[in-house]
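**Q** Hey, dropping structure_9.cif in here, mmCIF, C-alpha atoms:
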data_start
#
loop_
_atom_site.label_atom_id
_atom_site.label_comp_id
_atom_site.auth_asym_id
_atom_site.auth_seq_id
_atom_site.Cartn_x
_atom_site.Cartn_y
_atom_site.Cartn_z
CA MET A 3 34.77 24.73 58.93
CA ASP A 4 36.85 23.43 56.03
CA GLN A 5 35.14 21.02 53.69
CA PRO A 6 36.78 17.58 53.45
CA GLN A 7 38.67 16.97 50.22
CA ARG A 8 36.67 14.88 47.79
CA THR A 9 38.19 12.15 45.67
CA ALA A 10 36.57 11.08 42.42
CA PRO A 11 35.26 7.50 42.65
CA PRO A 12 37.30 4.94 40.72
CA TYR A 13 34.16 3.82 38.90
CA ALA A 14 33.19 7.28 37.65
CA ILE A 15 31.23 7.26 34.38
CA ARG A 16 32.36 10.14 32.20
CA SER A 17 28.98 10.84 30.59
CA VAL A 18 27.25 10.90 33.99
CA ASP A 19 29.96 13.20 35.36
CA HIS A 20 29.54 15.54 32.39
CA ALA A 21 25.75 15.64 32.83
CA LEU A 22 26.05 16.39 36.56
CA ARG A 23 28.58 19.15 35.89
CA LEU A 24 26.23 20.73 33.36
CA ALA A 25 23.34 20.55 35.82
CA SER A 26 25.52 22.27 38.44
CA MET A 27 26.51 24.99 35.97
CA LEU A 28 22.88 25.64 35.10
CA GLN A 29 21.83 25.87 38.73
CA LEU A 30 24.75 27.97 39.97
CA GLU A 31 25.57 30.10 36.93
CA GLY A 32 22.41 30.22 34.82
CA ALA A 33 21.89 29.93 31.07
CA LEU A 34 24.26 28.01 28.79
CA THR A 35 24.55 27.48 25.06
CA VAL A 36 25.72 24.22 23.51
CA SER A 37 28.99 25.89 22.44
CA GLU A 38 29.66 27.15 25.98
CA ALA A 39 28.87 23.73 27.44
CA ALA A 40 31.21 22.02 24.96
CA GLU A 41 34.02 24.43 25.79
CA ARG A 42 33.58 24.07 29.55
CA LEU A 43 33.57 20.27 29.37
CA ASP A 44 36.18 20.10 26.60
CA VAL A 45 33.98 17.85 24.50
CA ALA A 46 32.62 17.97 20.95
CA ARG A 47 29.60 20.17 20.32
CA SER A 48 27.57 17.12 19.32
CA THR A 49 28.37 15.48 22.67
CA ALA A 50 27.34 18.60 24.57
CA HIS A 51 24.09 18.70 22.60
CA ARG A 52 23.27 15.09 23.49
CA LEU A 53 23.99 15.74 27.17
CA MET A 54 21.82 18.86 27.20
CA SER A 55 19.01 16.99 25.42
CA MET A 56 19.03 14.37 28.17
CA LEU A 57 18.87 17.07 30.85
CA VAL A 58 15.89 18.58 29.05
CA TYR A 59 14.25 15.15 28.79
CA ARG A 60 14.59 14.65 32.55
CA ASP A 61 13.45 18.22 33.43
CA PHE A 62 16.86 19.36 34.69
CA ALA A 63 16.96 21.93 31.89
CA THR A 64 14.72 23.76 29.46
CA GLN A 65 15.55 25.15 26.03
CA ASP A 66 14.26 28.46 24.72
CA ALA A 67 13.56 29.46 21.13
CA HIS A 68 17.14 30.77 20.76
CA ARG A 69 18.54 27.33 21.63
CA THR A 70 19.87 28.52 24.99
CA TYR A 71 19.46 26.19 27.96
CA HIS A 72 18.15 27.28 31.37
CA PRO A 73 17.61 25.54 34.73
CA GLY A 74 14.60 23.22 34.52
CA PRO A 75 11.83 22.43 37.01
CA ILE A 76 13.90 19.85 38.92
CA LEU A 77 16.68 22.35 39.60
CA GLU A 78 14.15 25.01 40.54
CA LEU A 79 12.61 22.66 43.07
CA ALA A 80 16.06 21.75 44.39
CA ALA A 81 16.64 25.44 45.06
CA HIS A 82 13.55 25.40 47.33
CA THR A 83 11.40 27.41 44.99
CA ARG A 84 7.97 26.52 43.71
CA SER A 85 8.53 26.06 40.02
CA LEU A 86 5.83 27.02 37.56
CA THR A 87 5.42 23.31 36.81
CA SER A 88 4.68 22.44 40.44
CA GLN A 89 2.29 25.40 40.73
CA LEU A 90 0.46 24.36 37.58
CA ARG A 91 0.11 20.79 38.77
CA SER A 92 -1.18 21.63 42.26
CA VAL A 93 -3.63 24.24 40.94
CA ALA A 94 -4.88 22.08 38.08
CA LEU A 95 -5.51 18.75 39.83
CA PRO A 96 -8.83 19.72 41.53
CA HIS A 97 -10.11 21.15 38.25
CA LEU A 98 -9.05 18.03 36.33
CA GLU A 99 -10.83 15.83 38.87
CA ALA A 100 -14.02 17.90 38.52
CA LEU A 101 -13.74 17.75 34.72
CA VAL A 102 -13.42 13.96 34.80
CA ARG A 103 -16.56 13.71 36.94
CA ARG A 104 -18.47 15.77 34.36
CA VAL A 105 -17.29 14.16 31.10
CA ASP A 106 -16.23 10.72 32.39
CA GLU A 107 -13.09 10.72 30.27
CA SER A 108 -9.46 10.96 31.44
CA ALA A 109 -7.98 14.47 31.75
CA ASN A 110 -4.40 15.73 31.52
CA MET A 111 -2.20 18.78 31.81
CA THR A 112 0.77 19.18 29.47
CA ILE A 113 3.78 21.49 29.25
CA ARG A 114 6.32 21.84 26.45
CA THR A 115 10.02 21.17 26.94
CA GLY A 116 11.78 22.02 23.70
CA ALA A 117 10.25 19.81 21.01
CA LEU A 118 8.72 17.45 23.58
CA ALA A 119 5.39 17.49 25.41
CA ARG A 120 5.47 16.32 29.03
CA PHE A 121 2.36 15.27 30.92
CA ILE A 122 2.64 16.78 34.41
CA ALA A 123 -0.82 15.82 35.74
CA SER A 124 -3.33 13.14 34.81
CA VAL A 125 -6.65 11.95 36.24
CA GLU A 126 -8.22 8.71 34.98
CA CYS A 127 -11.94 8.30 34.45
CA SER A 128 -13.92 5.39 35.89
CA GLN A 129 -14.98 3.71 32.65
CA ALA A 130 -13.76 0.16 32.09
CA LEU A 131 -12.44 1.11 28.65
CA ARG A 132 -10.42 4.23 29.30
CA VAL A 133 -7.14 6.01 28.61
CA GLY A 134 -4.76 5.39 31.50
CA SER A 135 -2.72 7.97 33.37
CA ARG A 136 -0.21 9.83 31.21
CA GLU A 137 1.54 11.56 34.12
CA GLY A 138 5.30 11.64 33.59
CA MET A 139 5.07 10.51 29.97
CA VAL A 140 6.85 12.37 27.19
CA PHE A 141 5.80 12.53 23.52
CA PRO A 142 6.95 14.57 20.53
CA ALA A 143 5.07 17.83 20.98
CA HIS A 144 3.66 17.91 17.45
CA GLU A 145 1.95 14.55 18.03
CA THR A 146 -0.17 15.70 21.00
CA SER A 147 -3.07 18.13 21.18
CA GLY A 148 -1.50 20.15 24.01
CA GLY A 149 1.95 20.10 22.46
CA ARG A 150 0.67 21.53 19.19
CA LEU A 151 -1.09 24.35 21.02
CA LEU A 152 2.15 25.27 22.76
CA LEU A 153 4.18 25.01 19.57
CA ALA A 154 1.63 27.33 17.94
CA GLU A 155 2.95 30.15 20.17
CA LEU A 156 6.27 30.14 18.33
CA ALA A 157 7.05 32.43 15.41
CA SER A 158 8.01 30.70 12.15
CA HIS A 159 11.74 31.28 12.66
CA GLU A 160 11.53 30.04 16.27
CA LEU A 161 9.78 26.87 15.17
CA ALA A 162 12.37 26.28 12.45
CA ALA A 163 15.22 26.82 14.93
CA LEU A 164 13.62 24.41 17.38
CA TYR A 165 13.40 21.57 14.85
CA GLU A 166 16.70 22.27 13.11
CA ASP A 167 18.61 20.39 15.82
CA SER A 168 15.85 18.08 17.02
CA ASP A 169 15.03 14.49 16.13
CA ALA A 170 11.55 14.83 17.67
CA GLY A 171 9.81 16.25 14.62
CA PRO A 172 9.95 17.13 10.91
CA ARG A 173 12.95 19.02 9.58
CA PRO A 174 12.50 22.59 8.29
CA GLY A 175 12.19 22.71 4.53
CA THR A 176 10.38 19.37 4.24
CA ALA A 177 6.77 18.85 3.20
CA ALA A 178 6.02 17.45 6.66
CA PHE A 179 7.30 20.64 8.29
CA GLY A 180 5.07 22.70 5.98
CA ARG A 181 2.05 20.62 7.01
CA LEU A 182 2.98 21.12 10.66
CA GLN A 183 3.05 24.90 10.19
CA VAL A 184 -0.42 24.82 8.63
CA ASP A 185 -1.69 22.63 11.47
CA LEU A 186 -0.26 24.97 14.12
CA ARG A 187 -1.78 28.05 12.51
CA ARG A 188 -5.16 26.29 12.54
CA ALA A 189 -4.78 25.35 16.22
CA ARG A 190 -3.86 28.91 17.17
CA ARG A 191 -6.81 30.34 15.21
CA GLN A 192 -9.33 27.85 16.63
CA GLY A 193 -8.05 27.94 20.20
CA PHE A 194 -8.08 24.14 20.47
CA ALA A 195 -6.41 21.11 18.90
CA VAL A 196 -7.52 17.55 18.24
CA ASN A 197 -5.22 14.54 18.31
CA ASP A 198 -6.91 11.62 16.61
CA GLY A 199 -4.47 8.73 16.95
CA ARG A 200 -1.26 10.69 16.28
CA SER A 201 0.58 9.97 19.52
CA GLU A 202 -1.02 6.60 20.17
CA ARG A 203 -3.17 4.43 17.95
CA GLY A 204 -6.76 4.12 19.17
CA VAL A 205 -6.58 7.21 21.39
CA SER A 206 -8.19 10.59 20.65
CA ALA A 207 -7.68 13.81 22.60
CA ILE A 208 -8.89 17.41 22.61
CA GLY A 209 -6.84 20.18 24.20
CA VAL A 210 -7.06 23.91 24.91
CA PRO A 211 -4.27 26.24 26.10
CA ILE A 212 -3.72 27.71 29.55
CA LYS A 213 -2.35 31.25 29.34
CA ASP A 214 -0.40 33.60 31.59
CA PRO A 215 -1.58 37.16 32.30
CA GLU A 216 0.22 38.38 29.16
CA GLY A 217 -1.75 35.94 27.00
CA MET A 218 1.12 33.51 26.36
CA SER A 219 0.24 29.80 26.41
CA ILE A 220 2.20 28.12 29.21
CA ALA A 221 0.44 24.75 29.40
CA ALA A 222 -2.52 22.87 27.97
CA VAL A 223 -5.40 20.91 29.45
CA SER A 224 -6.91 18.01 27.53
CA ILE A 225 -9.26 15.07 27.71
CA SER A 226 -8.27 11.70 26.26
CA MET A 227 -10.58 8.87 25.24
CA PRO A 228 -10.61 5.66 23.22
CA SER A 229 -11.17 6.66 19.60
CA VAL A 230 -14.36 4.59 19.47
CA ARG A 231 -15.95 7.18 21.82
CA TYR A 232 -14.74 10.24 19.90
CA VAL A 233 -17.87 11.71 18.31
CA ARG A 234 -17.19 14.84 16.27
CA THR A 235 -20.59 16.36 17.06
CA GLU A 236 -19.58 16.46 20.73
CA LEU A 237 -16.48 18.53 19.98
CA PRO A 238 -18.05 21.97 20.76
CA SER A 239 -19.26 20.71 24.15
CA TRP A 240 -15.87 19.22 25.03
CA VAL A 241 -14.04 22.38 23.96
CA ALA A 242 -16.41 24.53 26.04
CA ARG A 243 -15.82 22.42 29.16
CA LEU A 244 -12.05 22.43 28.63
CA THR A 245 -12.04 26.19 28.10
CA ALA A 246 -13.91 26.70 31.38
CA VAL A 247 -11.29 24.58 33.17
CA ALA A 248 -8.45 26.52 31.53
CA ARG A 249 -9.94 29.87 32.63
CA ALA A 250 -10.39 28.55 36.18
CA VAL A 251 -6.76 27.38 36.34
CA GLU A 252 -5.58 30.75 35.00
CA ALA A 253 -7.58 32.58 37.67
CA ASP A 254 -6.19 30.38 40.47
CA LEU A 255 -2.62 30.94 39.26
CA VAL A 256 -3.04 34.71 39.54
CA ASN A 257 -4.74 34.60 42.97
#
Let's see the structure in the file written out as C-alpha cells.
**A**
Amino acid sequence: MDQPQRTAPPYAIRSVDHALRLASMLQLEGALTVSEAAERLDVARSTAHRLMSMLVYRDFATQDAHRTYHPGPILELAAHTRSLTSQLRSVALPHLEALVRRVDESANMTIRTGALARFIASVECSQALRVGSREGMVFPAHETSGGRLLLAELASHELAALYEDSDAGPRPGTAAFGRLQVDLRRARRQGFAVNDGRSERGVSAIGVPIKDPEGMSIAAVSISMPSVRYVRTELPSWVARLTAVARAVEADLVN
C-alpha cells in the first residue's frame, strides 16, 4: 500500500527539523561525524556540533573517543532492543535498594555520555536529612565520582580529544586539565573516587566502577550523603560495600 504524501507543517522549526533528521540518520544509517552531519544538512560545522551535542544530552546519541556519533539509548529502545543502559538500570536497582538498607545513604548508578555523567538509577535513603534522587540528572563528568571513574578509562589523547570541543570541562593545555589528569590517574589506581562538594555544595559521594567482562568500566555505582555525615575513617567500609555491589551487578549482567 502506498504511503500518503506528507507535507511539511507551516510552523516547522528548522533546528527541530535538523535534530530529528540527524536522529533518523543515526538510527537508520549508523555512525556520523560532525562534518558528515553538516554536509547532509547543509549547515555550518558549528551548527551541526550544537545539534549533535543536544542529541547526546537527551540520550538520542553517544559520542566515542574519536568524536564520532552513534545511536544512543533512546534510539536503541525505539528499535525494540534492550539497550545496555536499560539492562544496567534493571539489574542494578535491587542491589542499590539493598545497599541503601545497609548504609542508610542514597545510592546511584551513573553512565558517561561524552563529557557528561548521567544518573540512570537512584534510590533515596530514609533519613530526614538526605540527598534526593538524582535519576535523570546530568552533570559534567569530571565533577562526579562516577564520571571521573569512567573518564579514567580514556587514554591521554582520548581525554584531550573529548575536551577539545566540549564546554563541560577544562581545556587541554590548561593547568586545570593537568590537575584533572592527575585526579583521574589516582581514581584509576585506587579503584574508587570521592566527590566532596564538586558537583553540588554540601554533598559528598563515593563511587566505584562497574566493568564489562573485558575489564572496561561501563558504569559506576555510588553513595551520596550530606557532607556533614562524610567521615573519612568510614571510607574503607563504604568502598568495600560499593565494590561488593559492583561485583554483584557485573555477575547479573553476564548471567
**Q** Name all residues at most 9 Å from region 45-50 of chain A (count all atoms listed in the file; drop same-chain ones fewer than 5 positions away) and give them as a PyMOL selection string.
**A** chain A and resi 20-21+36-40+55
**Q** Restricting the output to C-alpha atoms, write the selected residues as an mmCIF file, in the coordinates of the input.
**A**
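Written file, part34.cif:
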data_model
loop_
_atom_site.group_PDB
_atom_site.id
_atom_site.type_symbol
_atom_site.label_atom_id
_atom_site.label_comp_id
_atom_site.auth_asym_id
_atom_site.auth_seq_id
_atom_site.Cartn_x
_atom_site.Cartn_y
_atom_site.Cartn_z
ATOM 1 C CA HIS A 20 29.540 15.540 32.390
ATOM 2 C CA ALA A 21 25.750 15.640 32.830
ATOM 3 C CA VAL A 36 25.720 24.220 23.510
ATOM 4 C CA SER A 37 28.990 25.890 22.440
ATOM 5 C CA GLU A 38 29.660 27.150 25.980
ATOM 6 C CA ALA A 39 28.870 23.730 27.440
ATOM 7 C CA ALA A 40 31.210 22.020 24.960
ATOM 8 C CA SER A 55 19.010 16.990 25.420
#
**Q** Applied to the shown file, which residues does the PyMOL selection byres ((chain A and resi 103-117) around 8) return, written as JSON, numbers by chain?
**A** {"A": [58, 59, 61, 64, 65, 66, 87, 91, 94, 98, 99, 100, 101, 102, 118, 119, 120, 121, 122, 123, 124, 125, 126, 127, 128, 129, 132, 133, 134, 135, 136, 137, 142, 143, 144, 148, 149, 152, 153, 164, 165, 168, 170, 171, 220, 221, 222, 223, 224, 225, 226, 227]}
**Q** Would you mind reading off the distance between CA of Pro215 (chain A) and CA of Ile76 (chain A), one decimal, in Å?
**A**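 Atom-to-atom, CA of Pro215 (chain A) and CA of Ile76 (chain A) are spaced 24.1 Å apart.
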**Q** List the residues matched by the PyMOL selection byres ((chain A and resi 206) around 7) in the displayed structure as a PyMOL selection string, ordered by chain and then by residue number.
**A** chain A and resi 197-199+204-205+207+226-229+232
**Q** Just to confirm, what's the straight-line distance from CA of Thr176 (chain A) to CA of Arg150 (chain A) in Å (one decimal)?
**A**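 If I compute the distance from CA of Thr176 (chain A) to CA of Arg150 (chain A), I get 18.0 Å.
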**Q** Around all listed atoms of region 157-169 of chain A, padded 3 Å per side, what centre and edge lengths does the axis-aligned box have in Å to one decimal, as lines of an AutoDock Vina configuration file?
**A**
center_x = 12.8
center_y = 23.5
center_z = 14.8
size_x = 17.6
size_y = 23.9
size_z = 11.2
**Q** Show me that you can extract region 127-168 of chain A, keeping C-alpha atoms, and write it as a short mmCIF file (atom, residue, chain, number, x, y, z; two decimals), in the first residue's frame.
**A**
data_model
loop_
_atom_site.label_atom_id
_atom_site.label_comp_id
_atom_site.auth_asym_id
_atom_site.auth_seq_id
_atom_site.Cartn_x
_atom_site.Cartn_y
_atom_site.Cartn_z
CA CYS A 127 17.60 6.67 51.93
CA SER A 128 15.09 7.19 54.74
CA GLN A 129 16.98 9.78 56.78
CA ALA A 130 15.32 13.17 57.19
CA LEU A 131 18.49 14.92 56.03
CA ARG A 132 19.39 13.10 52.84
CA VAL A 133 20.49 13.52 49.23
CA GLY A 134 17.43 13.33 46.99
CA SER A 135 17.03 11.23 43.86
CA ARG A 136 19.49 12.09 41.10
CA GLU A 137 17.79 9.92 38.45
CA GLY A 138 17.76 11.67 35.08
CA MET A 139 20.15 14.41 36.19
CA VAL A 140 23.22 15.32 34.16
CA PHE A 141 26.47 16.81 35.48
CA PRO A 142 29.89 17.45 33.97
CA ALA A 143 31.58 14.06 34.28
CA HIS A 144 34.72 15.39 35.95
CA GLU A 145 32.64 16.83 38.81
CA THR A 146 31.11 13.49 39.89
CA SER A 147 32.71 10.45 41.49
CA GLY A 148 31.27 8.04 38.91
CA GLY A 149 32.04 10.33 36.00
CA ARG A 150 35.69 10.59 36.96
CA LEU A 151 35.99 6.81 37.18
CA LEU A 152 34.61 6.49 33.66
CA LEU A 153 36.81 9.26 32.32
CA ALA A 154 39.78 7.44 33.87
CA GLU A 155 39.31 4.69 31.25
CA LEU A 156 40.36 7.06 28.48
CA ALA A 157 43.92 7.32 27.19
CA SER A 158 45.52 10.77 27.43
CA HIS A 159 44.90 11.58 23.75
CA GLU A 160 41.28 10.39 24.01
CA LEU A 161 40.68 12.61 27.03
CA ALA A 162 42.23 15.59 25.26
CA ALA A 163 40.09 14.97 22.15
CA LEU A 164 36.97 14.72 24.29
CA TYR A 165 37.53 18.10 25.96
CA GLU A 166 38.89 19.89 22.91
CA ASP A 167 35.35 20.53 21.61
CA SER A 168 33.48 20.43 24.91
#
